[in-house]
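Participant: Contents of upload-v8.tsv (TSV, C-alpha atoms):
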```tsv
chain	number	residue	atom	x	y	z
F	230	MET	CA	-6.68	-89.33	-31.29
F	231	ASN	CA	-10.30	-89.41	-32.32
F	232	LEU	CA	-11.26	-86.73	-34.85
F	233	ASN	CA	-14.41	-86.01	-32.89
F	234	ASN	CA	-12.30	-85.21	-29.79
F	235	ILE	CA	-10.09	-82.89	-31.84
F	236	TYR	CA	-13.16	-81.21	-33.21
F	237	ASN	CA	-14.73	-80.79	-29.75
F	238	LYS	CA	-11.50	-79.35	-28.33
F	239	SER	CA	-11.27	-76.93	-31.24
F	240	ILE	CA	-14.83	-75.85	-30.67
F	241	ASN	CA	-14.15	-75.32	-26.96
F	242	ILE	CA	-10.99	-73.27	-27.65
F	243	CYS	CA	-12.79	-71.20	-30.23
F	244	ILE	CA	-15.75	-70.55	-27.91
F	245	LEU	CA	-13.38	-69.58	-25.10
F	246	THR	CA	-11.50	-67.24	-27.42
F	247	VAL	CA	-14.69	-65.70	-28.75
F	248	VAL	CA	-15.99	-65.13	-25.22
F	249	THR	CA	-12.67	-63.55	-24.27
F	250	ILE	CA	-12.69	-61.31	-27.32
F	251	ILE	CA	-16.30	-60.30	-26.69
F	252	CYS	CA	-15.32	-59.21	-23.18
F	253	ILE	CA	-12.48	-56.99	-24.41
F	254	PRO	CA	-14.64	-54.22	-25.95
F	255	SER	CA	-16.24	-53.46	-22.58
F	256	VAL	CA	-12.78	-52.89	-21.11
F	257	ILE	CA	-11.79	-50.71	-24.03
F	258	PHE	CA	-15.09	-48.88	-23.84
F	259	ALA	CA	-14.37	-48.09	-20.20
F	260	GLN	CA	-11.16	-46.42	-21.36
F	261	ASN	CA	-13.18	-44.31	-23.80
F	262	ASP	CA	-15.57	-43.21	-21.06
F	263	GLN	CA	-13.05	-40.61	-19.92
F	264	THR	CA	-14.63	-38.95	-16.95
F	265	ILE	CA	-12.61	-36.70	-14.74
F	266	VAL	CA	-13.82	-35.53	-11.39
F	267	SER	CA	-12.31	-32.56	-9.70
F	268	THR	CA	-13.15	-30.07	-7.00
F	269	ILE	CA	-12.94	-26.35	-6.48
F	270	ASN	CA	-12.95	-24.79	-3.03
F	271	ILE	CA	-15.14	-21.96	-1.78
F	272	GLN	CA	-14.48	-19.77	1.20
F	273	VAL	CA	-16.05	-16.79	2.91
F	274	ASN	CA	-15.28	-14.94	6.11
F	275	VAL	CA	-18.33	-13.91	8.11
F	276	GLN	CA	-17.89	-10.84	10.31
F	277	ASN	CA	-20.02	-9.03	12.81
F	278	GLN	CA	-21.88	-5.97	11.66
F	279	MET	CA	-19.56	-2.96	11.91
F	280	ASN	CA	-20.97	-0.01	13.82
F	281	ILE	CA	-19.88	3.45	14.82
F	282	LYS	CA	-20.35	4.21	18.50
F	283	ARG	CA	-19.95	7.18	20.79
F	284	ALA	CA	-19.48	9.74	18.06
F	285	LYS	CA	-18.43	13.15	19.35
F	286	ASN	CA	-18.75	16.23	17.15
F	287	ILE	CA	-16.00	18.75	16.52
F	288	GLN	CA	-17.04	21.83	18.44
F	289	LEU	CA	-15.14	25.08	18.38
F	290	VAL	CA	-15.90	28.52	19.64
F	291	VAL	CA	-13.77	31.08	17.86
F	292	HIS	CA	-13.96	34.72	18.93
F	293	ALA	CA	-14.15	37.26	16.14
F	294	ASP	CA	-10.89	38.91	15.19
F	295	SER	CA	-9.02	36.64	17.56
F	296	THR	CA	-7.57	34.50	14.81
F	297	SER	CA	-7.49	34.08	11.05
F	298	LYS	CA	-7.07	30.31	11.07
F	299	ILE	CA	-8.38	27.43	13.09
F	300	ASP	CA	-6.32	24.30	13.49
F	301	ILE	CA	-7.40	21.19	15.37
F	302	ASP	CA	-4.78	18.49	15.83
F	303	PRO	CA	-6.63	15.15	15.95
F	304	LYS	CA	-3.73	13.59	17.85
F	305	GLN	CA	-3.94	15.83	20.89
F	306	ASP	CA	-6.56	18.53	20.68
F	307	GLU	CA	-9.47	18.11	23.08
F	308	GLY	CA	-11.75	19.79	20.57
F	309	ALA	CA	-11.22	17.02	18.05
F	310	GLY	CA	-14.20	14.94	17.11
F	311	SER	CA	-14.02	11.26	17.84
F	312	PHE	CA	-15.79	7.96	17.27
F	313	GLU	CA	-15.34	4.29	17.93
F	314	VAL	CA	-15.79	1.51	15.41
F	315	VAL	CA	-16.98	-1.88	16.65
F	316	GLY	CA	-16.87	-5.03	14.57
F	317	SER	CA	-15.28	-8.47	14.56
F	318	GLY	CA	-12.18	-9.01	16.67
F	319	SER	CA	-8.86	-8.51	14.85
F	320	ALA	CA	-10.65	-7.85	11.57
F	321	ALA	CA	-8.93	-5.82	8.87
F	322	ILE	CA	-10.87	-2.76	7.80
F	323	ARG	CA	-10.44	0.18	5.47
F	324	ILE	CA	-11.77	3.66	5.86
F	325	SER	CA	-12.14	6.58	3.52
F	326	PHE	CA	-13.23	10.13	4.16
F	327	PRO	CA	-13.29	13.45	2.28
F	328	ALA	CA	-10.20	15.61	2.43
F	329	ILE	CA	-12.33	18.76	2.60
F	330	MET	CA	-15.59	19.37	4.44
F	331	ASP	CA	-17.75	22.43	3.77
F	332	LEU	CA	-18.92	24.33	6.82
F	333	LYS	CA	-21.96	26.35	5.84
F	334	GLN	CA	-23.12	29.46	7.60
F	335	VAL	CA	-26.43	28.80	9.34
F	336	ASN	CA	-27.79	32.32	8.89
F	337	GLY	CA	-26.08	33.20	5.65
F	338	ASP	CA	-24.47	31.93	2.48
F	339	PHE	CA	-20.82	31.90	3.48
F	340	THR	CA	-18.92	28.63	3.32
F	341	ILE	CA	-15.69	27.74	5.09
F	342	GLN	CA	-13.61	24.93	3.69
F	343	PHE	CA	-12.40	22.71	6.47
F	344	HIS	CA	-9.38	20.53	5.57
F	345	THR	CA	-9.84	17.36	7.55
F	346	THR	CA	-7.23	15.26	9.30
F	347	VAL	CA	-8.00	11.95	11.00
F	348	SER	CA	-5.95	9.85	13.38
F	349	SER	CA	-6.61	6.37	14.72
F	350	TYR	CA	-5.44	3.84	17.27
F	351	THR	CA	-6.48	0.45	18.60
F	352	ALA	CA	-6.95	1.79	22.14
F	353	ARG	CA	-8.73	4.84	23.52
F	354	ASN	CA	-5.50	6.78	23.64
F	355	GLN	CA	-5.57	9.88	21.46
F	356	ASN	CA	-1.92	10.77	22.00
F	357	ASN	CA	-0.76	7.44	20.58
F	358	SER	CA	-2.97	7.72	17.52
F	359	GLU	CA	-1.49	8.00	14.03
F	360	LEU	CA	-2.61	10.18	11.15
F	361	LEU	CA	-4.43	8.43	8.31
F	362	ASN	CA	-4.54	8.99	4.59
F	363	LYS	CA	-7.97	9.80	3.19
F	364	ASN	CA	-8.09	6.25	1.81
F	365	ALA	CA	-6.65	4.15	4.58
F	366	ASP	CA	-6.63	0.38	4.38
F	367	SER	CA	-5.11	-2.50	6.32
F	368	LEU	CA	-6.28	-1.05	9.61
F	369	LYS	CA	-6.91	-3.69	12.24
F	370	LEU	CA	-9.59	-3.74	14.88
F	371	ASN	CA	-8.27	-4.84	18.27
F	372	ASP	CA	-9.00	-8.24	19.80
F	373	GLN	CA	-12.32	-6.98	21.09
F	374	GLY	CA	-13.25	-5.66	17.66
F	375	GLN	CA	-12.70	-1.98	18.51
F	376	ARG	CA	-10.77	0.86	16.90
F	377	PHE	CA	-10.79	4.54	17.84
F	378	PHE	CA	-10.69	7.55	15.57
F	379	TRP	CA	-10.15	11.29	16.17
F	380	VAL	CA	-11.11	14.01	13.68
F	381	GLY	CA	-9.51	17.40	13.34
F	382	GLY	CA	-8.47	19.76	10.59
F	383	SER	CA	-7.78	23.35	9.66
F	384	ALA	CA	-9.62	26.20	7.99
F	385	ASN	CA	-8.94	29.78	6.99
F	386	ILE	CA	-11.59	31.99	8.61
F	387	LYS	CA	-9.99	35.36	7.94
F	388	ASN	CA	-12.86	36.63	5.76
F	389	ALA	CA	-15.62	34.60	7.37
F	390	PRO	CA	-18.53	36.58	8.83
F	391	GLY	CA	-19.34	35.86	12.45
F	392	GLY	CA	-21.98	33.29	13.16
F	393	GLN	CA	-22.60	29.59	13.42
F	394	TYR	CA	-21.25	27.17	10.83
F	395	VAL	CA	-22.15	23.51	10.47
F	396	GLY	CA	-21.06	20.68	8.27
F	397	THR	CA	-21.29	16.92	8.03
F	398	MET	CA	-18.44	14.55	7.34
F	399	SER	CA	-19.11	11.04	6.05
F	400	PHE	CA	-16.82	8.09	6.67
F	401	ASN	CA	-16.92	4.97	4.57
F	402	LEU	CA	-15.98	1.89	6.55
F	403	GLU	CA	-15.55	-1.59	5.13
F	404	TYR	CA	-13.99	-4.86	6.06
F	405	ASP	CA	-10.79	-5.20	4.07
X	227	MET	CA	-13.91	-84.75	-41.59
X	228	ASN	CA	-15.09	-82.29	-44.21
X	229	ASP	CA	-17.71	-81.00	-41.82
X	230	PHE	CA	-15.06	-80.55	-39.12
X	231	PHE	CA	-12.82	-78.47	-41.41
X	232	LYS	CA	-15.74	-76.37	-42.68
X	233	LYS	CA	-16.80	-75.49	-39.14
X	234	GLY	CA	-13.19	-74.83	-38.13
X	235	VAL	CA	-12.63	-72.47	-41.05
X	236	VAL	CA	-15.85	-70.57	-40.32
X	237	LEU	CA	-14.93	-70.18	-36.66
X	238	CYS	CA	-11.42	-69.04	-37.58
X	239	PHE	CA	-12.81	-66.34	-39.89
X	240	ALA	CA	-15.20	-65.21	-37.18
X	241	PHE	CA	-12.33	-65.10	-34.73
X	242	ILE	CA	-10.08	-63.07	-37.08
X	243	SER	CA	-12.93	-60.66	-37.86
X	244	LEU	CA	-13.54	-60.02	-34.17
X	245	ILE	CA	-9.87	-59.37	-33.59
X	246	ASN	CA	-9.83	-56.76	-36.37
X	247	ALA	CA	-12.97	-55.10	-35.10
X	248	VAL	CA	-11.72	-54.89	-31.54
X	249	TYR	CA	-8.26	-53.79	-32.60
X	250	GLY	CA	-9.81	-50.93	-34.59
X	251	GLN	CA	-11.83	-49.76	-31.60
X	252	SER	CA	-8.91	-49.87	-29.25
X	253	ILE	CA	-6.85	-47.57	-31.46
X	254	GLN	CA	-9.65	-45.06	-31.69
X	255	PHE	CA	-10.51	-45.03	-28.03
X	256	ASN	CA	-7.01	-45.02	-26.69
X	257	GLY	CA	-6.05	-42.23	-29.10
X	258	GLN	CA	-8.22	-39.56	-27.46
X	259	VAL	CA	-6.40	-36.77	-25.70
X	260	PRO	CA	-6.93	-37.37	-21.99
X	261	LEU	CA	-9.12	-34.80	-20.26
X	262	SER	CA	-7.45	-32.71	-17.60
X	263	PHE	CA	-8.69	-30.14	-15.19
X	264	THR	CA	-6.85	-27.26	-13.50
X	265	VAL	CA	-8.22	-24.92	-10.84
X	266	VAL	CA	-6.92	-21.47	-11.76
X	267	ASN	CA	-8.79	-19.63	-8.96
X	268	ASP	CA	-10.81	-20.95	-6.07
X	269	ILE	CA	-14.04	-19.16	-5.21
X	270	ASN	CA	-13.74	-16.50	-2.53
X	271	PHE	CA	-16.64	-14.36	-1.31
X	272	GLY	CA	-14.24	-12.36	0.88
X	273	GLN	CA	-15.70	-10.63	3.92
X	274	VAL	CA	-19.41	-10.62	4.54
X	275	VAL	CA	-21.42	-9.48	7.54
X	276	THR	CA	-23.61	-11.90	9.43
X	277	ASN	CA	-27.29	-11.70	8.46
X	278	GLU	CA	-26.33	-9.61	5.41
X	279	GLY	CA	-28.71	-11.52	3.16
X	280	LEU	CA	-27.98	-12.28	-0.46
X	281	VAL	CA	-24.35	-11.58	-1.40
X	282	ARG	CA	-23.68	-11.66	-5.12
X	283	LEU	CA	-20.40	-12.79	-6.60
X	284	ASN	CA	-20.55	-11.55	-10.17
X	285	LYS	CA	-18.78	-12.78	-13.26
X	286	GLY	CA	-15.46	-10.97	-13.37
X	287	ASP	CA	-15.24	-10.30	-9.64
X	288	ASN	CA	-11.92	-11.05	-7.97
X	289	GLY	CA	-13.37	-13.98	-6.05
X	290	MET	CA	-14.78	-15.70	-9.14
X	291	GLY	CA	-13.75	-19.33	-9.57
X	292	VAL	CA	-11.82	-20.16	-12.74
X	293	LEU	CA	-11.14	-23.64	-14.07
X	294	LYS	CA	-9.23	-24.73	-17.14
X	295	ILE	CA	-10.28	-27.89	-18.94
X	296	THR	CA	-8.01	-29.44	-21.53
X	297	GLY	CA	-8.99	-32.16	-23.96
X	298	GLN	CA	-9.07	-33.10	-27.61
X	299	LYS	CA	-9.88	-30.14	-29.81
X	300	ASN	CA	-13.31	-30.22	-31.48
X	301	MET	CA	-14.54	-33.02	-29.24
X	302	ASP	CA	-17.76	-32.44	-27.34
X	303	ILE	CA	-17.57	-32.58	-23.57
X	304	THR	CA	-20.27	-32.47	-20.94
X	305	ILE	CA	-19.65	-30.76	-17.62
X	306	ASN	CA	-21.81	-31.42	-14.59
X	307	ILE	CA	-21.83	-29.16	-11.57
X	308	PRO	CA	-24.29	-29.03	-8.67
X	309	SER	CA	-26.90	-26.27	-8.56
X	310	SER	CA	-25.98	-25.33	-5.02
X	311	VAL	CA	-23.64	-26.29	-2.21
X	312	LYS	CA	-23.46	-25.56	1.50
X	313	LEU	CA	-20.60	-23.71	3.13
X	314	TYR	CA	-19.90	-24.92	6.67
X	315	ASP	CA	-17.99	-23.37	9.55
X	316	ALA	CA	-15.34	-25.16	11.59
X	317	SER	CA	-17.94	-26.78	13.85
X	318	ASN	CA	-19.57	-28.30	10.76
X	319	THR	CA	-23.01	-27.39	12.13
X	320	ASN	CA	-23.58	-23.84	10.88
X	321	TYR	CA	-23.90	-23.36	7.15
X	322	MET	CA	-24.94	-21.04	4.35
X	323	ASN	CA	-26.31	-21.88	0.90
X	324	TYR	CA	-24.37	-20.96	-2.20
X	325	THR	CA	-26.38	-21.00	-5.45
X	326	ILE	CA	-23.97	-21.61	-8.30
X	327	ARG	CA	-23.99	-19.74	-11.58
X	328	ALA	CA	-21.49	-20.38	-14.32
X	329	ALA	CA	-20.28	-19.43	-17.78
X	330	TYR	CA	-17.76	-20.95	-20.13
X	331	ASN	CA	-15.34	-19.89	-22.83
X	332	ASN	CA	-14.43	-22.62	-25.33
X	333	LYS	CA	-12.56	-20.40	-27.77
X	334	GLY	CA	-9.17	-21.29	-26.41
X	335	GLN	CA	-8.53	-18.27	-24.22
X	336	ASN	CA	-9.09	-17.34	-20.62
X	337	ASP	CA	-11.41	-14.38	-21.18
X	338	TYR	CA	-14.51	-14.09	-19.01
X	339	THR	CA	-15.86	-11.28	-21.19
X	340	GLN	CA	-16.32	-13.70	-24.12
X	341	THR	CA	-18.39	-16.39	-22.46
X	342	GLN	CA	-21.47	-18.43	-23.12
X	343	PRO	CA	-24.01	-19.07	-20.36
X	344	PHE	CA	-23.65	-22.42	-18.63
X	345	ASN	CA	-26.99	-24.05	-17.93
X	346	VAL	CA	-26.40	-25.38	-14.45
X	347	PRO	CA	-26.29	-28.28	-13.64
X	348	SER	CA	-25.14	-29.63	-17.02
X	349	GLN	CA	-23.75	-28.17	-20.21
X	350	THR	CA	-22.29	-29.73	-23.35
X	351	PHE	CA	-19.94	-27.84	-25.62
X	352	ARG	CA	-17.06	-28.36	-27.98
X	353	VAL	CA	-13.49	-27.97	-26.78
X	354	GLY	CA	-11.85	-25.14	-28.64
X	355	GLY	CA	-14.55	-25.24	-31.23
X	356	ARG	CA	-17.55	-23.55	-32.62
X	357	ASN	CA	-21.04	-23.85	-31.22
X	358	GLN	CA	-23.03	-22.29	-34.02
X	359	GLY	CA	-23.43	-22.80	-37.75
X	360	PRO	CA	-23.17	-26.08	-39.56
X	361	PRO	CA	-21.57	-28.93	-37.67
X	362	ALA	CA	-17.82	-29.10	-37.86
X	363	PRO	CA	-16.28	-32.12	-39.59
X	364	PRO	CA	-15.69	-35.00	-37.22
X	365	PRO	CA	-12.27	-35.03	-35.55
X	366	THR	CA	-9.58	-36.91	-37.43
X	367	PRO	CA	-9.46	-40.42	-36.02
X	368	ALA	CA	-6.30	-41.17	-34.18
X	369	HIS	CA	-3.90	-43.42	-35.95
X	370	HIS	CA	-0.31	-44.45	-35.73
X	371	GLY	CA	1.97	-41.42	-35.75
X	372	TYR	CA	-0.88	-38.92	-35.47
X	373	ILE	CA	-1.44	-36.97	-32.27
X	374	PRO	CA	-4.83	-35.23	-32.13
X	375	PRO	CA	-4.69	-31.50	-31.41
X	376	THR	CA	-5.37	-30.31	-27.88
X	377	GLY	CA	-7.87	-27.61	-26.99
X	378	SER	CA	-8.78	-25.76	-23.84
X	379	ALA	CA	-11.93	-24.36	-22.34
X	380	TRP	CA	-12.42	-22.21	-19.27
X	381	LEU	CA	-15.23	-22.47	-16.77
X	382	TYR	CA	-16.16	-19.47	-14.62
X	383	LEU	CA	-18.06	-19.95	-11.37
X	384	PHE	CA	-19.87	-17.23	-9.47
X	385	GLY	CA	-23.36	-16.89	-7.96
X	386	ASN	CA	-25.21	-15.94	-4.82
X	387	LEU	CA	-24.44	-16.65	-1.19
X	388	ASN	CA	-27.30	-16.37	1.26
X	389	VAL	CA	-25.69	-14.98	4.42
X	390	THR	CA	-28.07	-15.78	7.23
X	391	ASN	CA	-27.74	-15.08	10.94
X	392	VAL	CA	-24.79	-17.42	11.38
X	393	PRO	CA	-21.92	-17.16	13.87
X	394	VAL	CA	-18.86	-15.25	12.67
X	395	GLY	CA	-15.92	-17.21	11.33
X	396	GLN	CA	-14.52	-18.89	8.24
X	397	TYR	CA	-16.90	-20.95	6.14
X	398	HIS	CA	-15.78	-23.44	3.53
X	399	GLY	CA	-17.32	-25.59	0.86
X	400	THR	CA	-16.39	-27.72	-2.12
X	401	ILE	CA	-17.92	-28.09	-5.56
X	402	THR	CA	-17.42	-31.43	-7.26
X	403	ILE	CA	-17.30	-31.13	-11.02
X	404	THR	CA	-17.31	-33.94	-13.56
X	405	VAL	CA	-16.17	-33.65	-17.16
X	406	ILE	CA	-16.78	-36.36	-19.75
X	407	TYR	CA	-16.33	-36.79	-23.49
X	408	ASN	CA	-19.62	-37.15	-25.31
```
Please express what this file holds, its structure, as structure tokens.

Facilitator:
Amino acid sequence: MNLNNIYNKSINICILTVVTIICIPSVIFAQNDQTIVSTINIQVNVQNQMNIKRAKNIQLVVHADSTSKIDIDPKQDEGAGSFEVVGSGSAAIRISFPAIMDLKQVNGDFTIQFHTTVSSYTARNQNNSELLNKNADSLKLNDQGQRFFWVGGSANIKNAPGGQYVGTMSFNLEYD
Amino acid sequence: MNDFFKKGVVLCFAFISLINAVYGQSIQFNGQVPLSFTVVNDINFGQVVTNEGLVRLNKGDNGMGVLKITGQKNMDITINIPSSVKLYDASNTNYMNYTIRAAYNNKGQNDYTQTQPFNVPSQTFRVGGRNQGPPAPPPTPAHHGYIPPTGSAWLYLFGNLNVTNVPVGQYHGTITITVIYN
């Protein structure tokens, strides 16, 4: 074999090897370029605005000396206050209200403490309604986005002077 | 003949040198602790009311997104997140814009009260390491029989959702996050 041929072959092998070796770092560099891609999910539930409709006040006429205590059963008394909540269908809501409401004498300084009780149901059926805690959650609106509430309570009026008494009760309603 | 051998020897030395150089790189690069990524909590804005306007999800709220990133301790990583994403409803036509805010904790514990602000859309920090003071010594190069220590960092995602007059329903979105060694 001619020495020149051996030399040329050696050169070719060496060049091939060098080219191969030069290519390796780019592969290894790709391994170093450790990029991970991941995702995180976001979600939100959009509801209709919740409103209170058809509110009816508690109205009582108590004759002097006829009784020392008033008691309004929200589940059956016609004098109970009531309101309807309208929002998104089948939505879960929570409601909170004060356990005691002050009834202030219009023409005087006397105050009657009214201990509130509230009942609720998914249909306009007071007798089927159930009493609520003052911080009630996991209540559901019906398919049409309605829920009905009745408001009653009790108060000791034994020492209360005659006259008109008024008070305001605030309900806090939120989607649960 | 002499010329042939001289050239052959030179080429052989060059060849052996390249092998050593490449072999050294491969050990170093392959020795890095692989990055990993775990979603601890997805982002949940809960219930909002249509046309409510700007709804803020604050750092520490229940719906805050939490991600755990694990890699080689004391190595710098860069995280890229988009500045905002759209949340679409099931019809894929109605959407709301979510502007992303973020913070990170690279001290090795999941504690959102000890965070650094994340400059969306990109932030570089050290895994399990310090960010202030003189630079830390470079990580020990990986070598045979040595496993580099692992560190963790937590990323907290919150921000503002602009609730426009969209139809009611569930809206979803996805944030794509990339993490890379520097």

Participant: Atom CA of F:Pro327 and atom CA of F:Gly382 are how many Å apart?

Facilitator: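 Value for the atom CA of F:Pro327-atom CA of F:Gly382 distance: 11.5 Å.
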
Participant: Compile a residue-level contact table for chain F against chain X at a cut-off of 6 Å, reporting for every qualifying residue the shortest atom pair and its distance in Å to one decimal, with all atoms listed in the file counted, rows ordered by chain and ascending number, as JSON lines.

Facilitator:
```
{"residue": "F:Asn261", "atom": "CA", "partner": "X:Phe255", "partner_atom": "CA", "distance": 5.1}
{"residue": "F:Gln263", "atom": "CA", "partner": "X:Ile406", "partner_atom": "CA", "distance": 5.7}
{"residue": "F:Thr264", "atom": "CA", "partner": "X:Ile406", "partner_atom": "CA", "distance": 4.4}
{"residue": "F:Ile265", "atom": "CA", "partner": "X:Val405", "partner_atom": "CA", "distance": 5.3}
{"residue": "F:Val266", "atom": "CA", "partner": "X:Thr404", "partner_atom": "CA", "distance": 4.4}
{"residue": "F:Ser267", "atom": "CA", "partner": "X:Ile403", "partner_atom": "CA", "distance": 5.4}
{"residue": "F:Thr268", "atom": "CA", "partner": "X:Thr402", "partner_atom": "CA", "distance": 4.5}
{"residue": "F:Ile269", "atom": "CA", "partner": "X:Ile401", "partner_atom": "CA", "distance": 5.4}
{"residue": "F:Asn270", "atom": "CA", "partner": "X:Thr400", "partner_atom": "CA", "distance": 4.6}
{"residue": "F:Ile271", "atom": "CA", "partner": "X:Ile269", "partner_atom": "CA", "distance": 4.6}
{"residue": "F:Gln272", "atom": "CA", "partner": "X:His398", "partner_atom": "CA", "distance": 4.5}
{"residue": "F:Val273", "atom": "CA", "partner": "X:Phe271", "partner_atom": "CA", "distance": 4.9}
{"residue": "F:Asn274", "atom": "CA", "partner": "X:Gln396", "partner_atom": "CA", "distance": 4.6}
{"residue": "F:Val275", "atom": "CA", "partner": "X:Val394", "partner_atom": "CA", "distance": 4.8}
{"residue": "F:Gln276", "atom": "CA", "partner": "X:Val275", "partner_atom": "CA", "distance": 4.7}
{"residue": "F:Asn277", "atom": "CA", "partner": "X:Val275", "partner_atom": "CA", "distance": 5.5}
{"residue": "F:Gln278", "atom": "CA", "partner": "X:Val275", "partner_atom": "CA", "distance": 5.4}
```

Participant: Dump C-alpha atoms for the selected residues as a short mmCIF file (atom, residue, chain, number, x, y, z; two decimals), in the frame of the given file?

Facilitator:
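Now in result16.cif:
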```
data_model
loop_
_atom_site.label_atom_id
_atom_site.label_comp_id
_atom_site.auth_asym_id
_atom_site.auth_seq_id
_atom_site.Cartn_x
_atom_site.Cartn_y
_atom_site.Cartn_z
CA ASN F 261 -13.18 -44.31 -23.80
CA GLN F 263 -13.05 -40.61 -19.92
CA THR F 264 -14.63 -38.95 -16.95
CA ILE F 265 -12.61 -36.70 -14.74
CA VAL F 266 -13.82 -35.53 -11.39
CA SER F 267 -12.31 -32.56 -9.70
CA THR F 268 -13.15 -30.07 -7.00
CA ILE F 269 -12.94 -26.35 -6.48
CA ASN F 270 -12.95 -24.79 -3.03
CA ILE F 271 -15.14 -21.96 -1.78
CA GLN F 272 -14.48 -19.77 1.20
CA VAL F 273 -16.05 -16.79 2.91
CA ASN F 274 -15.28 -14.94 6.11
CA VAL F 275 -18.33 -13.91 8.11
CA GLN F 276 -17.89 -10.84 10.31
CA ASN F 277 -20.02 -9.03 12.81
CA GLN F 278 -21.88 -5.97 11.66
#
```

Participant: Which residues are near stretch 391-394 of chain F? Cut-off 7 Å, all atoms listed in the file, ignore same chain within fewer than 3 positions. Put them as a list in words.

Facilitator: Ala293, Leu332, Lys333, Gln334 and Val335 of chain F

Participant: Excluding same-chain residues fewer than 2 positions from F:Phe400, what lies within 7 Å of it counting only C-alpha atoms, as a compact mmCIF listing (two decimals) with C-alpha atoms, in the coordinates of the input?

Facilitator:
```txt
# COMPACT_ATOMS: atom_id res chain seq x y z
CA ILE F 324 -11.77 3.66 5.86
CA SER F 325 -12.14 6.58 3.52
CA PHE F 326 -13.23 10.13 4.16
CA MET F 398 -18.44 14.55 7.34
CA LEU F 402 -15.98 1.89 6.55
```

Participant: Check the smallest atom-to-atom distance from each of X:Thr296, X:Thr350, X:Asn318, X:Asn323 to X:Leu280 using only C-alpha atoms, then report the winner.

Facilitator: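 Among the listed residues, X:Asn323 lies closest to X:Leu280.
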
Participant: Kindly give the distance, in Å, that separates atom CA of X:Arg327 and atom CA of X:Ser348, rounded to a single decimal.

Facilitator: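 Taking atom CA of X:Arg327 as the start and atom CA of X:Ser348 as the end point, the length is 11.3 Å.
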
Participant: Could you pull out every residue with an atom within 10 Å of (-2.6, 11.1, 21.0), file coordinates, counting all atoms listed in the file, and send them as a ChimeraX atom specification?

Facilitator: /F:302-306,348-350,353-360,379

Participant: Which residues come within 8 Å of X:Tyr330, counting all atoms listed in the file, excluding same-chain residues fewer than 2 positions away, as a list in words?

Facilitator: Ala328, Asn332, Tyr338, Thr341, Gln342, Pro343, Phe344, Ala379, Trp380, Leu381 and Tyr382 of chain X

Participant: Provide the atom CA of F:Asn280 to atom CA of F:Ala352 distance in Å, to one decimal place.

Facilitator: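 The value is 16.4 Å.
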
Participant: Skipping near chain neighbours, those fewer than 5 positions away, what residues fall within 8 Å of stretch 309-320 of chain F using all atoms listed in the file, listed as a VMD selection string?

Facilitator: (chain F and resid 276 to 288 301 to 303 369 to 381 404 to 405) or (chain X and resid 394)

Participant: Axis-aligned box over every listed atom of stretch 386-399 of chain F, padded by 3 Å per side: centre and edges in Å to one decimal, as AutoDock Vina command-line options?

Facilitator:
```
--center_x -16.3 --center_y 23.8 --center_z 9.6 --size_x 18.6 --size_y 31.6 --size_z 13.7
```
